[in-house]
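Just input-v1.pdb here, PDB, C-alpha atoms:
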```pdb
ATOM      1  CA  MET A   1      34.113 -17.239  50.191
ATOM      2  CA  ALA A   2      36.924 -18.190  47.823
ATOM      3  CA  LYS A   3      38.843 -15.579  45.880
ATOM      4  CA  LYS A   4      38.297 -15.386  42.132
ATOM      5  CA  LEU A   5      40.733 -17.664  40.329
ATOM      6  CA  ALA A   6      42.591 -16.823  37.159
ATOM      7  CA  ILE A   7      41.277 -20.067  35.674
ATOM      8  CA  SER A   8      37.916 -20.900  34.177
ATOM      9  CA  PRO A   9      36.483 -24.005  32.513
ATOM     10  CA  ILE A  10      35.845 -23.517  28.813
ATOM     11  CA  ALA A  11      32.318 -23.298  27.439
ATOM     12  CA  GLY A  12      30.933 -26.323  25.631
ATOM     13  CA  THR A  13      32.039 -28.921  28.177
ATOM     14  CA  LYS A  14      28.744 -29.848  29.867
ATOM     15  CA  ASN A  15      29.158 -27.061  32.427
ATOM     16  CA  ARG A  16      32.500 -28.013  33.908
ATOM     17  CA  VAL A  17      32.946 -26.989  37.540
ATOM     18  CA  PHE A  18      36.074 -26.435  39.630
ATOM     19  CA  VAL A  19      35.531 -27.320  43.294
ATOM     20  CA  LYS A  20      37.843 -26.643  46.246
ATOM     21  CA  PRO A  21      37.378 -29.771  48.422
ATOM     22  CA  ALA A  22      36.724 -29.274  52.121
ATOM     23  CA  PRO A  23      39.559 -30.470  54.369
ATOM     24  CA  ALA A  24      39.351 -34.086  55.558
ATOM     25  CA  GLU A  25      38.044 -34.659  59.070
ATOM     26  CA  GLU A  26      40.800 -34.517  61.698
ATOM     27  CA  LYS A  27      38.781 -36.030  64.583
ATOM     28  CA  THR A  28      35.775 -38.273  65.050
ATOM     29  CA  SER A  29      32.695 -36.947  66.849
ATOM     30  CA  GLY A  30      34.018 -38.738  69.960
ATOM     31  CA  GLY A  31      37.312 -36.809  69.829
ATOM     32  CA  ILE A  32      39.557 -39.553  68.429
ATOM     33  CA  ILE A  33      42.254 -38.156  66.128
ATOM     34  CA  ILE A  34      42.192 -39.743  62.667
ATOM     35  CA  PRO A  35      45.633 -40.548  61.190
ATOM     36  CA  ASP A  36      46.385 -39.346  57.636
ATOM     37  CA  THR A  37      46.306 -42.912  56.292
ATOM     38  CA  ALA A  38      42.725 -43.435  57.518
ATOM     39  CA  LYS A  39      41.195 -40.122  56.431
ATOM     40  CA  GLU A  40      38.399 -40.388  53.904
ATOM     41  CA  LYS A  41      38.338 -38.345  50.727
ATOM     42  CA  PRO A  42      36.038 -35.334  51.246
ATOM     43  CA  GLN A  43      32.715 -35.311  49.394
ATOM     44  CA  ARG A  44      31.943 -31.662  50.031
ATOM     45  CA  GLY A  45      33.486 -28.505  48.675
ATOM     46  CA  GLU A  46      33.041 -24.956  47.435
ATOM     47  CA  VAL A  47      32.529 -24.089  43.771
ATOM     48  CA  VAL A  48      35.336 -21.729  42.723
ATOM     49  CA  ALA A  49      34.754 -21.596  38.939
ATOM     50  CA  ILE A  50      32.183 -22.798  36.407
ATOM     51  CA  SER A  51      31.749 -22.532  32.654
ATOM     52  CA  ASP A  52      29.277 -19.861  31.507
ATOM     53  CA  ILE A  53      27.295 -22.067  29.140
ATOM     54  CA  ASP A  54      27.353 -25.667  27.865
ATOM     55  CA  GLU A  55      27.357 -26.939  24.276
ATOM     56  CA  ASP A  56      23.534 -26.980  24.306
ATOM     57  CA  GLY A  57      23.379 -23.287  25.295
ATOM     58  CA  LYS A  58      22.227 -24.028  28.866
ATOM     59  CA  LYS A  59      23.412 -21.903  31.775
ATOM     60  CA  PRO A  60      24.624 -23.662  34.944
ATOM     61  CA  VAL A  61      22.273 -24.206  37.874
ATOM     62  CA  ILE A  62      24.954 -23.686  40.517
ATOM     63  CA  LYS A  63      27.164 -20.624  40.946
ATOM     64  CA  VAL A  64      30.584 -19.723  42.311
ATOM     65  CA  GLY A  65      30.535 -19.770  46.117
ATOM     66  CA  ASP A  66      27.958 -22.581  46.439
ATOM     67  CA  VAL A  67      28.909 -25.377  48.838
ATOM     68  CA  VAL A  68      28.155 -28.677  47.125
ATOM     69  CA  LEU A  69      28.040 -32.409  47.821
ATOM     70  CA  TYR A  70      29.488 -34.732  45.173
ATOM     71  CA  GLY A  71      30.204 -38.445  44.752
ATOM     72  CA  LYS A  72      33.250 -39.963  46.439
ATOM     73  CA  TYR A  73      35.033 -40.681  43.155
ATOM     74  CA  SER A  74      33.750 -37.697  41.154
ATOM     75  CA  GLY A  75      36.020 -35.368  39.269
ATOM     76  CA  THR A  76      39.643 -35.146  38.286
ATOM     77  CA  GLU A  77      42.182 -33.819  40.771
ATOM     78  CA  ILE A  78      44.167 -30.819  39.512
ATOM     79  CA  SER A  79      46.641 -28.407  41.097
ATOM     80  CA  PHE A  80      46.707 -24.718  40.225
ATOM     81  CA  GLU A  81      48.710 -21.964  41.902
ATOM     82  CA  GLY A  82      49.689 -24.342  44.710
ATOM     83  CA  GLN A  83      46.107 -25.343  45.553
ATOM     84  CA  ASP A  84      44.245 -28.597  44.899
ATOM     85  CA  PHE A  85      40.905 -28.611  43.080
ATOM     86  CA  LEU A  86      38.511 -31.065  41.507
ATOM     87  CA  SER A  87      37.316 -30.581  37.944
ATOM     88  CA  MET A  88      33.934 -32.241  37.379
ATOM     89  CA  ARG A  89      30.751 -31.962  35.387
ATOM     90  CA  GLU A  90      27.886 -30.075  36.963
ATOM     91  CA  SER A  91      25.869 -33.301  36.658
ATOM     92  CA  ASP A  92      28.324 -34.988  39.115
ATOM     93  CA  ILE A  93      27.085 -32.673  41.874
ATOM     94  CA  ILE A  94      24.476 -34.349  44.068
ATOM     95  CA  ALA A  95      23.264 -31.382  46.135
ATOM     96  CA  LYS A  96      24.091 -27.842  47.178
ATOM     97  CA  PHE A  97      23.873 -26.421  50.703
TER      98      PHE A  97
END
```
Give the structure from this file in structure tokens form.
Amino acid sequence: MAKKLAISPIAGTKNRVFVKPAPAEEKTSGGIIIPDTAKEKPQRGEVVAISDIDEDGKKPVIKVGDVVLYGKYSGTEISFEGQDFLSMRESDIIAKF
């Protein structure tokens, strides 16, 4: 489980979520090593922060620590304290594991 960050999305932003993307696959299921230039952008990650409430007063469905699946081009990439995250709307999340 991820440590608590000193950053949090602000309320009133359609339940913004910060996700720590899973690392890209290093090998195929057959054992072939994938070079950096051919690695696909991950579509899975762990929720590390979420706004408490949206502008309509609704609480988020997901919570910190959930592992989620999101669209390939979802979110905005941000760096904080030397780590990379995605900032996206809760509605961009397709499923949780």
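Put simply, atom CA of A:Phe18 is 5.1 Å away from atom CA of A:Ala49.
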- prompt: Any chance you could work out the residue set of the PyMOL selection byres ((chain A and resi 44) around 8) here, as number ranges by chain?
  reply: A: 21-22, 42-43, 45-46, 67-70
- request: Name the residues that the PyMOL selection byres ((chain A and resi 83) around 12) picks from the file above, as a VMD selection string, using the file's chain letters and numbers.
  value: chain A and resid 2 5 18 to 21 48 77 to 82 84 to 86
task: Apply the PyMOL selection byres ((chain A and resi 89) around 9) to the displayed file and report the matching residues as a list of chain:residue names.
output: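 Checked against the file, the PyMOL selection byres ((chain A and resi 89) around 9) matches A:Thr13, A:Lys14, A:Asn15, A:Arg16, A:Val17, A:Phe18, A:Ser74, A:Gly75, A:Ser87, A:Met88, A:Glu90, A:Ser91, A:Asp92, A:Ile93.
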Could the residues in this selection be saved with C-alpha atoms as an mmCIF file, in the coordinates of the input?
```
data_model
loop_
_atom_site.group_PDB
_atom_site.id
_atom_site.type_symbol
_atom_site.label_atom_id
_atom_site.label_comp_id
_atom_site.auth_asym_id
_atom_site.auth_seq_id
_atom_site.Cartn_x
_atom_site.Cartn_y
_atom_site.Cartn_z
ATOM 1 C CA THR A 13 32.039 -28.921 28.177
ATOM 2 C CA LYS A 14 28.744 -29.848 29.867
ATOM 3 C CA ASN A 15 29.158 -27.061 32.427
ATOM 4 C CA ARG A 16 32.500 -28.013 33.908
ATOM 5 C CA VAL A 17 32.946 -26.989 37.540
ATOM 6 C CA PHE A 18 36.074 -26.435 39.630
ATOM 7 C CA SER A 74 33.750 -37.697 41.154
ATOM 8 C CA GLY A 75 36.020 -35.368 39.269
ATOM 9 C CA SER A 87 37.316 -30.581 37.944
ATOM 10 C CA MET A 88 33.934 -32.241 37.379
ATOM 11 C CA GLU A 90 27.886 -30.075 36.963
ATOM 12 C CA SER A 91 25.869 -33.301 36.658
ATOM 13 C CA ASP A 92 28.324 -34.988 39.115
ATOM 14 C CA ILE A 93 27.085 -32.673 41.874
#
```
- prompt: Do you have the atom CA of A:Thr76-atom CA of A:Lys96 distance handy?
  reply: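 Result for atom CA of A:Thr76 versus atom CA of A:Lys96: 19.3 Å, one decimal.
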field: Distance of atom CA of A:Val64 from atom CA of A:Val47, expressed in Å to one decimal place
entry: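 Spanning atom CA of A:Val47 to atom CA of A:Val64 is a straight-line distance of 5.0 Å.
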